[in-house]
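For reference, upload-v3.pdb is printed below; it contains PDB, C-alpha atoms.
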```
ATOM      1  CA  MET T 220      89.732  28.496-170.753
ATOM      2  CA  LYS T 221      86.621  30.405-171.770
ATOM      3  CA  ALA T 222      87.724  30.702-175.392
ATOM      4  CA  GLU T 223      88.176  26.942-175.567
ATOM      5  CA  ILE T 224      84.719  26.375-174.123
ATOM      6  CA  VAL T 225      83.141  28.818-176.569
ATOM      7  CA  GLU T 226      84.806  26.822-179.339
ATOM      8  CA  LEU T 227      83.422  23.539-177.915
ATOM      9  CA  ILE T 228      79.916  25.026-177.883
ATOM     10  CA  LEU T 229      80.243  26.352-181.425
ATOM     11  CA  GLU T 230      81.541  22.982-182.583
ATOM     12  CA  SER T 231      78.585  21.249-180.985
ATOM     13  CA  LEU T 232      76.150  23.691-182.632
ATOM     14  CA  ARG T 233      77.744  23.177-186.042
ATOM     15  CA  GLU T 234      77.359  19.411-185.561
ATOM     16  CA  GLN T 235      73.670  19.933-184.841
ATOM     17  CA  SER T 236      73.235  21.809-188.108
ATOM     18  CA  ALA T 237      73.274  18.412-189.812
ATOM     19  CA  VAL T 238      69.931  17.569-188.218
ATOM     20  CA  SER T 239      68.373  21.030-187.997
ATOM     21  CA  ALA T 240      67.204  23.386-190.704
ATOM     22  CA  HIS T 241      68.005  26.626-188.829
ATOM     23  CA  PRO T 242      70.382  28.615-191.100
ATOM     24  CA  GLU T 243      72.340  30.232-188.227
ATOM     25  CA  LEU T 244      73.366  26.835-186.829
ATOM     26  CA  ALA T 245      75.922  26.325-189.589
ATOM     27  CA  ALA T 246      77.819  29.473-188.588
ATOM     28  CA  PRO T 247      77.116  30.207-184.910
ATOM     29  CA  THR T 248      78.874  32.967-182.943
ATOM     30  CA  PRO T 249      79.269  33.755-179.215
ATOM     31  CA  GLU T 250      76.149  35.942-179.575
ATOM     32  CA  THR T 251      73.984  33.141-180.972
ATOM     33  CA  ARG T 252      70.761  32.740-178.987
ATOM     34  CA  LEU T 253      70.033  29.336-177.531
ATOM     35  CA  LEU T 254      66.748  30.094-175.808
ATOM     36  CA  GLY T 255      63.510  31.906-176.681
ATOM     37  CA  GLU T 256      61.728  32.773-179.915
ATOM     38  CA  LYS T 257      64.886  33.769-181.783
ATOM     39  CA  ALA T 258      66.815  30.725-180.621
ATOM     40  CA  VAL T 259      68.571  28.498-183.112
ATOM     41  CA  LEU T 260      67.485  25.396-181.193
ATOM     42  CA  ASP T 261      64.188  23.975-180.037
ATOM     43  CA  SER T 262      63.975  22.549-176.511
ATOM     44  CA  ILE T 263      65.123  19.088-177.600
ATOM     45  CA  GLY T 264      67.999  20.670-179.499
ATOM     46  CA  LEU T 265      69.031  22.581-176.377
ATOM     47  CA  VAL T 266      68.991  19.376-174.335
ATOM     48  CA  SER T 267      71.128  17.654-176.994
ATOM     49  CA  LEU T 268      73.590  20.554-176.906
ATOM     50  CA  ILE T 269      73.894  20.359-173.109
ATOM     51  CA  VAL T 270      74.365  16.577-173.154
ATOM     52  CA  ASP T 271      76.963  16.850-175.890
ATOM     53  CA  LEU T 272      78.744  19.699-174.132
ATOM     54  CA  GLU T 273      78.993  17.798-170.833
ATOM     55  CA  GLU T 274      80.730  15.042-172.740
ATOM     56  CA  LYS T 275      83.054  17.367-174.642
ATOM     57  CA  VAL T 276      84.014  19.202-171.442
ATOM     58  CA  ALA T 277      84.747  15.887-169.674
ATOM     59  CA  ALA T 278      86.932  14.771-172.586
ATOM     60  CA  ARG T 279      88.788  18.090-172.843
ATOM     61  CA  PHE T 280      89.208  18.994-169.145
ATOM     62  CA  GLY T 281      88.930  15.576-167.457
ATOM     63  CA  LYS T 282      86.174  16.771-165.139
ATOM     64  CA  GLU T 283      82.606  15.511-164.850
ATOM     65  CA  ILE T 284      80.251  18.468-164.565
ATOM     66  CA  VAL T 285      76.456  18.556-164.656
ATOM     67  CA  LEU T 286      74.927  21.432-166.583
ATOM     68  CA  ALA T 287      71.598  21.674-164.801
ATOM     69  CA  ASP T 288      70.233  24.866-163.333
ATOM     70  CA  GLU T 289      67.000  26.064-161.766
ATOM     71  CA  ARG T 290      67.133  29.095-164.027
ATOM     72  CA  ALA T 291      67.519  26.930-167.136
ATOM     73  CA  MET T 292      64.283  27.974-168.847
ATOM     74  CA  SER T 293      64.267  31.633-167.729
ATOM     75  CA  LEU T 294      64.671  33.979-170.700
ATOM     76  CA  ARG T 295      66.187  36.617-168.439
ATOM     77  CA  TYR T 296      68.406  34.665-166.078
ATOM     78  CA  SER T 297      69.123  31.343-167.760
ATOM     79  CA  PRO T 298      72.806  30.574-168.196
ATOM     80  CA  PHE T 299      71.720  28.873-171.432
ATOM     81  CA  ARG T 300      70.550  32.132-173.099
ATOM     82  CA  ARG T 301      73.453  32.564-175.473
ATOM     83  CA  VAL T 302      76.668  30.796-176.395
ATOM     84  CA  GLU T 303      78.695  33.261-174.327
ATOM     85  CA  SER T 304      76.569  33.009-171.171
ATOM     86  CA  LEU T 305      76.711  29.234-171.443
ATOM     87  CA  ALA T 306      80.506  29.382-171.701
ATOM     88  CA  ASP T 307      80.661  31.554-168.558
ATOM     89  CA  TYR T 308      78.474  29.032-166.784
ATOM     90  CA  VAL T 309      80.698  26.120-167.801
ATOM     91  CA  VAL T 310      83.780  28.017-166.544
ATOM     92  CA  GLU T 311      81.990  28.572-163.220
ATOM     93  CA  LYS T 312      81.128  24.859-162.941
ATOM     94  CA  LEU T 313      84.659  23.783-163.859
ATOM     95  CA  GLU T 314      86.160  26.120-161.270
ATOM     96  CA  ALA T 315      83.768  24.823-158.619
ATOM     97  CA  ALA T 316      84.760  21.252-159.500
ATOM     98  CA  SER T 317      88.476  21.874-158.995
TER      99      SER T 317
ATOM    100  CA  MET P 116      64.983  -5.399-176.539
ATOM    101  CA  SER P 117      67.690  -7.836-177.537
ATOM    102  CA  ALA P 118      70.554  -8.246-175.086
ATOM    103  CA  GLY P 119      72.450  -5.025-174.549
ATOM    104  CA  VAL P 120      73.865  -3.039-171.660
ATOM    105  CA  ALA P 121      71.851  -2.378-168.509
ATOM    106  CA  ILE P 122      72.327  -0.531-165.254
ATOM    107  CA  VAL P 123      70.561  -2.119-162.292
ATOM    108  CA  THR P 124      70.615  -0.095-159.072
ATOM    109  CA  GLY P 125      70.457  -1.793-155.692
ATOM    110  CA  SER P 126      71.881  -4.997-157.155
ATOM    111  CA  ARG P 127      73.746  -6.319-154.112
ATOM    112  CA  LYS P 128      70.821  -8.482-153.033
ATOM    113  CA  GLY P 129      67.079  -9.029-153.285
ATOM    114  CA  LEU P 130      65.150  -8.007-156.387
ATOM    115  CA  GLY P 131      68.045  -6.051-157.870
ATOM    116  CA  LYS P 132      70.323  -9.062-157.725
ATOM    117  CA  HIS P 133      67.617 -11.296-159.202
ATOM    118  CA  ILE P 134      67.019  -8.907-162.097
ATOM    119  CA  ALA P 135      70.757  -8.494-162.734
ATOM    120  CA  GLU P 136      71.169 -12.281-162.824
ATOM    121  CA  ARG P 137      68.229 -12.731-165.188
ATOM    122  CA  LEU P 138      69.625 -10.093-167.524
ATOM    123  CA  LEU P 139      73.086 -11.695-167.437
ATOM    124  CA  ALA P 140      71.542 -15.082-168.209
ATOM    125  CA  ALA P 141      69.862 -13.500-171.242
ATOM    126  CA  GLY P 142      73.218 -12.230-172.491
ATOM    127  CA  TRP P 143      73.097  -8.645-171.214
ATOM    128  CA  ARG P 144      76.109  -6.874-169.764
ATOM    129  CA  VAL P 145      75.130  -5.391-166.426
ATOM    130  CA  GLU P 146      76.552  -2.633-164.262
ATOM    131  CA  GLY P 147      75.096  -2.598-160.771
ATOM    132  CA  CYS P 148      75.512  -0.593-157.614
ATOM    133  CA  SER P 149      74.869  -0.531-153.911
ATOM    134  CA  ARG P 150      76.243   1.299-150.923
ATOM    135  CA  ARG P 151      78.169  -1.787-149.836
ATOM    136  CA  PRO P 152      80.417  -4.142-151.832
ATOM    137  CA  ALA P 153      78.709  -6.817-153.920
ATOM    138  CA  GLU P 154      78.392 -10.217-152.317
ATOM    139  CA  TRP P 155      78.379 -11.925-155.680
ATOM    140  CA  SER P 156      80.098 -11.649-159.017
ATOM    141  CA  ALA P 157      79.534 -12.926-162.530
ATOM    142  CA  GLU P 158      81.003 -12.626-165.968
ATOM    143  CA  GLY P 159      79.633  -9.528-167.632
ATOM    144  CA  TYR P 160      78.821  -7.877-164.314
ATOM    145  CA  THR P 161      80.545  -4.802-162.871
ATOM    146  CA  HIS P 162      79.716  -3.485-159.432
ATOM    147  CA  HIS P 163      79.955   0.126-158.239
ATOM    148  CA  GLU P 164      79.836   1.153-154.608
ATOM    149  CA  LEU P 165      77.853   4.344-154.277
ATOM    150  CA  ASP P 166      74.947   6.095-152.656
ATOM    151  CA  VAL P 167      72.270   6.628-155.330
ATOM    152  CA  SER P 168      71.571  10.132-154.019
ATOM    153  CA  ASP P 169      75.211  11.188-154.526
ATOM    154  CA  GLU P 170      74.966  13.173-157.755
ATOM    155  CA  ALA P 171      78.676  13.117-158.626
ATOM    156  CA  ALA P 172      78.879   9.349-158.046
ATOM    157  CA  VAL P 173      75.827   8.681-160.220
ATOM    158  CA  VAL P 174      77.184  10.860-163.034
ATOM    159  CA  ARG P 175      80.500   9.009-162.833
ATOM    160  CA  MET P 176      78.909   5.554-162.886
ATOM    161  CA  VAL P 177      76.696   6.266-165.890
ATOM    162  CA  ARG P 178      79.537   7.848-167.850
ATOM    163  CA  GLU P 179      81.901   4.986-166.974
ATOM    164  CA  THR P 180      79.279   2.478-168.108
ATOM    165  CA  VAL P 181      78.812   4.219-171.439
ATOM    166  CA  ALA P 182      82.579   4.605-171.889
ATOM    167  CA  ARG P 183      83.151   0.903-171.155
ATOM    168  CA  HIS P 184      80.441  -0.506-173.428
ATOM    169  CA  GLY P 185      79.818   2.321-175.871
ATOM    170  CA  ARG P 186      76.064   2.177-175.193
ATOM    171  CA  LEU P 187      73.373   2.025-172.534
ATOM    172  CA  ASP P 188      70.139   0.254-173.405
ATOM    173  CA  ALA P 189      68.275  -0.071-170.126
ATOM    174  CA  LEU P 190      68.111   1.385-166.653
ATOM    175  CA  ILE P 191      66.434  -0.630-163.903
ATOM    176  CA  ASN P 192      65.923   1.891-161.097
ATOM    177  CA  ASN P 193      65.447  -0.671-158.363
ATOM    178  CA  ALA P 194      67.366   0.745-155.376
ATOM    179  CA  GLY P 195      64.999   1.655-152.596
ATOM    180  CA  ILE P 196      64.417   1.621-148.890
ATOM    181  CA  ALA P 197      61.183   1.026-147.036
ATOM    182  CA  GLY P 198      60.026   2.058-143.621
ATOM    183  CA  MET P 199      56.915   1.602-141.612
ATOM    184  CA  ASN P 200      55.805   3.840-138.818
ATOM    185  CA  HIS P 201      52.782   5.771-137.650
ATOM    186  CA  LEU P 202      52.778   9.152-139.351
ATOM    187  CA  LEU P 203      52.936  10.976-136.030
ATOM    188  CA  LEU P 204      55.933   8.967-134.914
ATOM    189  CA  THR P 205      57.985   9.324-138.091
ATOM    190  CA  PRO P 206      61.157  11.380-137.652
ATOM    191  CA  ARG P 207      62.104  13.952-140.252
ATOM    192  CA  SER P 208      65.374  12.110-140.803
ATOM    193  CA  ALA P 209      63.414   9.029-141.955
ATOM    194  CA  ALA P 210      61.466  11.142-144.455
ATOM    195  CA  ASP P 211      64.669  12.715-145.774
ATOM    196  CA  LYS P 212      66.394   9.375-146.119
ATOM    197  CA  MET P 213      63.509   7.723-147.891
ATOM    198  CA  PHE P 214      63.043  10.560-150.379
ATOM    199  CA  GLN P 215      66.776  10.779-151.008
ATOM    200  CA  THR P 216      67.094   7.104-151.902
ATOM    201  CA  ASN P 217      63.719   6.388-153.479
ATOM    202  CA  PHE P 218      63.012   9.607-155.333
ATOM    203  CA  VAL P 219      66.276  11.556-155.698
ATOM    204  CA  GLY P 220      68.225   8.377-156.499
ATOM    205  CA  SER P 221      65.715   7.384-159.202
ATOM    206  CA  PHE P 222      65.667  10.931-160.572
ATOM    207  CA  LEU P 223      69.471  11.204-160.823
ATOM    208  CA  PHE P 224      69.892   7.835-162.536
ATOM    209  CA  LEU P 225      67.011   8.560-164.882
ATOM    210  CA  ARG P 226      68.427  11.963-165.814
ATOM    211  CA  GLU P 227      71.942  10.699-166.476
ATOM    212  CA  ALA P 228      70.857   7.506-168.262
ATOM    213  CA  ALA P 229      68.430   9.465-170.438
ATOM    214  CA  LYS P 230      71.260  11.734-171.565
ATOM    215  CA  ALA P 231      73.169   8.735-172.911
ATOM    216  CA  MET P 232      70.021   7.139-174.343
ATOM    217  CA  SER P 233      68.871  10.327-176.070
ATOM    218  CA  ARG P 234      72.104  10.333-178.085
ATOM    219  CA  GLN P 235      71.333   6.788-179.238
ATOM    220  CA  LYS P 236      67.662   7.653-179.804
ATOM    221  CA  ARG P 237      66.615   4.551-177.910
ATOM    222  CA  GLY P 238      66.455   3.257-174.373
ATOM    223  CA  ARG P 239      64.277   1.666-171.727
ATOM    224  CA  ILE P 240      63.877   2.930-168.181
ATOM    225  CA  VAL P 241      62.045   0.904-165.555
ATOM    226  CA  ASN P 242      61.335   2.575-162.220
ATOM    227  CA  PHE P 243      60.155   0.914-159.048
ATOM    228  CA  SER P 244      56.942   1.871-157.290
ATOM    229  CA  THR P 245      54.992  -0.260-154.826
ATOM    230  CA  VAL P 246      51.453  -1.399-154.181
ATOM    231  CA  ALA P 247      51.704   0.697-151.005
ATOM    232  CA  ALA P 248      51.302   3.777-153.217
ATOM    233  CA  ALA P 249      48.138   2.409-154.886
ATOM    234  CA  LEU P 250      46.590   1.066-151.686
ATOM    235  CA  ASP P 251      47.295   4.140-149.492
ATOM    236  CA  LEU P 252      48.512   1.848-146.779
ATOM    237  CA  GLU P 253      48.376   3.012-143.200
ATOM    238  CA  GLY P 254      51.843   3.151-141.647
ATOM    239  CA  GLU P 255      53.537   3.732-144.965
ATOM    240  CA  ALA P 256      52.812   7.417-145.535
ATOM    241  CA  VAL P 257      56.370   8.491-146.272
ATOM    242  CA  TYR P 258      57.333   5.355-148.176
ATOM    243  CA  ALA P 259      54.164   5.509-150.292
ATOM    244  CA  ALA P 260      54.636   9.251-150.892
ATOM    245  CA  SER P 261      58.226   8.738-152.046
ATOM    246  CA  LYS P 262      57.044   6.069-154.487
ATOM    247  CA  ALA P 263      54.080   8.186-155.628
ATOM    248  CA  ALA P 264      56.723  10.769-156.517
ATOM    249  CA  VAL P 265      58.514   8.084-158.560
ATOM    250  CA  GLU P 266      55.223   7.371-160.381
ATOM    251  CA  SER P 267      54.793  11.040-161.316
ATOM    252  CA  LEU P 268      58.414  11.140-162.436
ATOM    253  CA  THR P 269      57.721   8.084-164.589
ATOM    254  CA  ARG P 270      54.708   9.606-166.318
ATOM    255  CA  VAL P 271      56.242  13.019-166.963
ATOM    256  CA  ALA P 272      59.584  11.543-168.053
ATOM    257  CA  ALA P 273      57.712   9.293-170.498
ATOM    258  CA  ARG P 274      56.318  12.424-172.167
ATOM    259  CA  GLU P 275      59.575  14.377-172.151
ATOM    260  CA  LEU P 276      61.653  11.474-173.435
ATOM    261  CA  GLY P 277      59.208   9.827-175.830
ATOM    262  CA  ALA P 278      60.466  11.798-178.819
ATOM    263  CA  SER P 279      63.986  10.552-178.048
ATOM    264  CA  GLY P 280      62.947   6.918-178.394
ATOM    265  CA  ILE P 281      63.089   6.263-174.661
ATOM    266  CA  THR P 282      60.277   4.508-172.816
ATOM    267  CA  VAL P 283      59.780   5.063-169.090
ATOM    268  CA  ASN P 284      57.564   2.708-167.099
ATOM    269  CA  ALA P 285      57.269   1.464-163.541
ATOM    270  CA  VAL P 286      56.516  -1.797-161.829
ATOM    271  CA  GLY P 287      54.655  -1.799-158.512
ATOM    272  CA  PRO P 288      55.555  -4.970-156.636
ATOM    273  CA  THR P 289      53.595  -6.417-153.762
ATOM    274  CA  PRO P 290      55.674  -7.403-150.752
ATOM    275  CA  VAL P 291      58.300  -9.923-151.828
ATOM    276  CA  ALA P 292      60.194 -11.890-149.208
ATOM    277  CA  THR P 293      63.398  -9.831-149.337
ATOM    278  CA  ASP P 294      65.300  -7.776-146.768
ATOM    279  CA  LEU P 295      63.201  -4.754-147.711
ATOM    280  CA  ILE P 296      60.272  -6.022-145.658
ATOM    281  CA  LYS P 297      62.112  -7.949-142.952
ATOM    282  CA  LEU P 298      61.300  -5.319-140.311
ATOM    283  CA  VAL P 299      57.603  -5.117-141.174
ATOM    284  CA  PRO P 300      55.437  -7.097-138.739
ATOM    285  CA  GLU P 301      54.024 -10.313-140.195
ATOM    286  CA  ALA P 302      50.438  -9.277-139.346
ATOM    287  CA  LYS P 303      50.874  -6.072-141.326
ATOM    288  CA  ILE P 304      52.168  -7.978-144.354
ATOM    289  CA  GLN P 305      49.192 -10.340-144.169
ATOM    290  CA  GLU P 306      46.796  -7.391-143.942
ATOM    291  CA  LEU P 307      48.364  -5.918-147.043
ATOM    292  CA  VAL P 308      48.307  -9.191-148.951
ATOM    293  CA  ARG P 309      44.576  -9.598-148.186
ATOM    294  CA  ARG P 310      43.900  -6.334-150.027
ATOM    295  CA  GLN P 311      45.339  -7.712-153.252
ATOM    296  CA  ALA P 312      43.152  -9.466-155.840
ATOM    297  CA  ILE P 313      45.517 -12.425-155.610
ATOM    298  CA  PRO P 314      46.342 -12.755-151.923
ATOM    299  CA  ARG P 315      49.887 -14.049-151.767
ATOM    300  CA  LEU P 316      53.381 -12.641-151.377
ATOM    301  CA  GLY P 317      55.082 -11.694-154.611
ATOM    302  CA  ARG P 318      57.988 -13.640-156.017
ATOM    303  CA  GLU P 319      61.123 -12.303-157.587
ATOM    304  CA  GLU P 320      60.111 -13.841-160.912
ATOM    305  CA  ASP P 321      56.779 -11.960-160.823
ATOM    306  CA  VAL P 322      58.701  -8.699-160.789
ATOM    307  CA  TRP P 323      61.181  -9.890-163.420
ATOM    308  CA  ASN P 324      58.297 -10.780-165.722
ATOM    309  CA  VAL P 325      57.080  -7.164-165.783
ATOM    310  CA  VAL P 326      60.607  -5.788-166.190
ATOM    311  CA  ASP P 327      61.201  -8.237-169.041
ATOM    312  CA  PHE P 328      57.953  -7.107-170.689
ATOM    313  CA  PHE P 329      59.016  -3.444-170.593
ATOM    314  CA  LEU P 330      62.403  -4.350-172.108
ATOM    315  CA  ARG P 331      61.051  -6.413-174.994
ATOM    316  CA  PRO P 332      61.428  -4.979-178.522
ATOM    317  CA  GLU P 333      57.644  -5.336-178.961
ATOM    318  CA  SER P 334      57.077  -2.976-176.002
ATOM    319  CA  ALA P 335      58.493   0.070-177.824
ATOM    320  CA  PHE P 336      55.007   1.676-177.784
ATOM    321  CA  VAL P 337      54.418   1.103-174.052
ATOM    322  CA  THR P 338      55.407   4.087-171.921
ATOM    323  CA  GLY P 339      54.286   6.093-168.896
ATOM    324  CA  GLN P 340      52.665   3.026-167.352
ATOM    325  CA  VAL P 341      52.693   1.689-163.810
ATOM    326  CA  VAL P 342      51.948  -2.026-163.550
ATOM    327  CA  TYR P 343      50.961  -3.233-160.082
ATOM    328  CA  LEU P 344      51.333  -6.868-159.224
ATOM    329  CA  GLY P 345      48.747  -8.972-157.431
ATOM    330  CA  GLY P 346      45.825  -6.937-158.718
ATOM    331  CA  ALA P 347      46.411  -4.070-156.310
ATOM    332  CA  ARG P 348      44.293  -1.020-157.150
ATOM    333  CA  GLY P 349      43.778   2.234-155.329
TER     334      GLY P 349
END
```

Have the structure of the file written as structure tokens, please.
Amino acid sequence: MKAEIVELILESLREQSAVSAHPELAAPTPETRLLGEKAVLDSIGLVSLIVDLEEKVAARFGKEIVLADERAMSLRYSPFRRVESLADYVVEKLEAAS
Amino acid sequence: MSAGVAIVTGSRKGLGKHIAERLLAAGWRVEGCSRRPAEWSAEGYTHHELDVSDEAAVVRMVRETVARHGRLDALINNAGIAGMNHLLLTPRSAADKMFQTNFVGSFLFLREAAKAMSRQKRGRIVNFSTVAAALDLEGEAVYAASKAAVESLTRVAARELGASGITVNAVGPTPVATDLIKLVPEAKIQELVRRQAIPRLGREEDVWNVVDFFLRPESAFVTGQVVYLGGARG
């Protein structure tokens, strides 16, 4: 399941490359940073990614999850730090929803 | 805004029903909700039974609305409950209930609607405050506080969502003769009305007028505002 979610996130990032100039967005990896100074997205871009991902996850897995977290903006603890940590977080939410 | 798709919360009766009907008459498609089944129906109207503070139910309703119509143009965050009591006699359960419906309900609908609207890069959100918040009315501490929270939400959301083409405003009605105020003593209502610049009860159409203004295409540059009816000022 995690591999599929990583792919959904990467797909969403590649789609965002059409509206963002960041070079890494066109070829993101599981290590790509989503938060902080070296992030490929600004805060609006991160919100767009989360909104898009909620929709993609609902379409792929048939479950409505909300990706909101108190640690969202924490550089150390946020589940939105990198593609991989975000995928782990989505897996956690999907498991909790079943 | 020309006729589109709107969500109106608390649309079973009172102001919510009035607003839903006015939108339908103007050609909008409307999805409404309340805890109990709708007592009315109309072409273009879909009703959802839910508690506005139930996160999963709110997420489902907004996503169903967008899936059905392919868009969401306006959210009218009308659902609310009122209560009047001396501060020292107000049970904690009343405070919880009022914040859950008035603030948490508005927050959840705003968050989910704004997600859909941010993808479209346009949208209008109208929250509901009250003159009780502006007038610091005695006996309405918890109600006024829950609506003051809605006003802060309105102003901050306007800033966070402005770049996404979404406006967020609030209307602050005076008492209107609906079920919301049926338990408030008549003398208290009169006392409140006397503190307004125009001392009369509000009408449903007074509230609709402000909602309609916020939804108009020409109001695209109006955001973060709270408009009180009747000339109420703090």

Exercise answer, chain T residues close to chain P, 9 Å and all atoms listed in the file, as a list in words: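 The answer, sorted by residue number, is Ile263, Val266, Ser267, Val270, Asp271, Glu274, Glu283, Ile284 and Val285 of chain T.
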
Atom pair CA of Ala272 in chain P / CA of Ala247 in chain P: separation (Å): 21.7 Å

Result set, the PyMOL selection byres ((chain P and resi 164) around 12) on current file, as a list in words: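 Residues picked by the PyMOL selection byres ((chain P and resi 164) around 12): Thr124, Gly125, Ser126, Arg127, Glu146, Gly147, Cys148, Ser149, Arg150, Arg151, Pro152, Ala153, Glu154, Thr161, His162, His163, Leu165, Asp166, Val167, Asp169, Ala172, Val173, Arg175 and Met176 of chain P.
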
T:Val310, T:Leu227, T:Ile269, T:Leu232 ranked by distance to Leu244 in chain T, top pick (using only C-alpha atoms): T:Leu232

Distance in Å - CA of Glu314 in chain T versus CA of Ala258 in chain T: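 Straight-line distance from CA of Glu314 in chain T to CA of Ala258 in chain T works out to 27.7 Å.
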
Top pick for closest residue to Val241 in chain P, considering P:Thr293, P:Ser208, P:Ser156, P:Gln340 and counting all atoms listed in the file: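 Under the stated criterion, the closest residue is P:Gln340.
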
Range 281-284 of chain P environment, 12 Å, all atoms listed in the file, sequence neighbours closer than 6 positions dropped, as number ranges by chain: P: 116, 187-192, 221-222, 225-226, 228-244, 265-275, 325-343

Selection near Val291 in chain P, 12 Å with all atoms listed in the file, sequence-local residues under 2 positions removed, as number ranges by chain: P: 129-130, 133, 245-246, 287-289, 293-297, 299, 304-305, 307-308, 315-323, 344-345

Using the selection just defined, write its residues with C-alpha atoms as a compact mmCIF listing (two decimals), in the frame of the given file.
```txt
# COMPACT_ATOMS: atom_id res chain seq x y z
CA GLY P 129 67.08 -9.03 -153.28
CA LEU P 130 65.15 -8.01 -156.39
CA HIS P 133 67.62 -11.30 -159.20
CA THR P 245 54.99 -0.26 -154.83
CA VAL P 246 51.45 -1.40 -154.18
CA GLY P 287 54.66 -1.80 -158.51
CA PRO P 288 55.56 -4.97 -156.64
CA THR P 289 53.60 -6.42 -153.76
CA THR P 293 63.40 -9.83 -149.34
CA ASP P 294 65.30 -7.78 -146.77
CA LEU P 295 63.20 -4.75 -147.71
CA ILE P 296 60.27 -6.02 -145.66
CA LYS P 297 62.11 -7.95 -142.95
CA VAL P 299 57.60 -5.12 -141.17
CA ILE P 304 52.17 -7.98 -144.35
CA GLN P 305 49.19 -10.34 -144.17
CA LEU P 307 48.36 -5.92 -147.04
CA VAL P 308 48.31 -9.19 -148.95
CA ARG P 315 49.89 -14.05 -151.77
CA LEU P 316 53.38 -12.64 -151.38
CA GLY P 317 55.08 -11.69 -154.61
CA ARG P 318 57.99 -13.64 -156.02
CA GLU P 319 61.12 -12.30 -157.59
CA GLU P 320 60.11 -13.84 -160.91
CA ASP P 321 56.78 -11.96 -160.82
CA VAL P 322 58.70 -8.70 -160.79
CA TRP P 323 61.18 -9.89 -163.42
CA LEU P 344 51.33 -6.87 -159.22
CA GLY P 345 48.75 -8.97 -157.43
```

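Applied to the file shown here, the PyMOL selection byres ((chain T and resi 233) around 8) selects the residues T:Leu229, T:Glu230, T:Ser231, T:Leu232, T:Glu234, T:Gln235, T:Ser236, T:Ala237, T:Leu244, T:Ala245, T:Ala246, T:Pro247.
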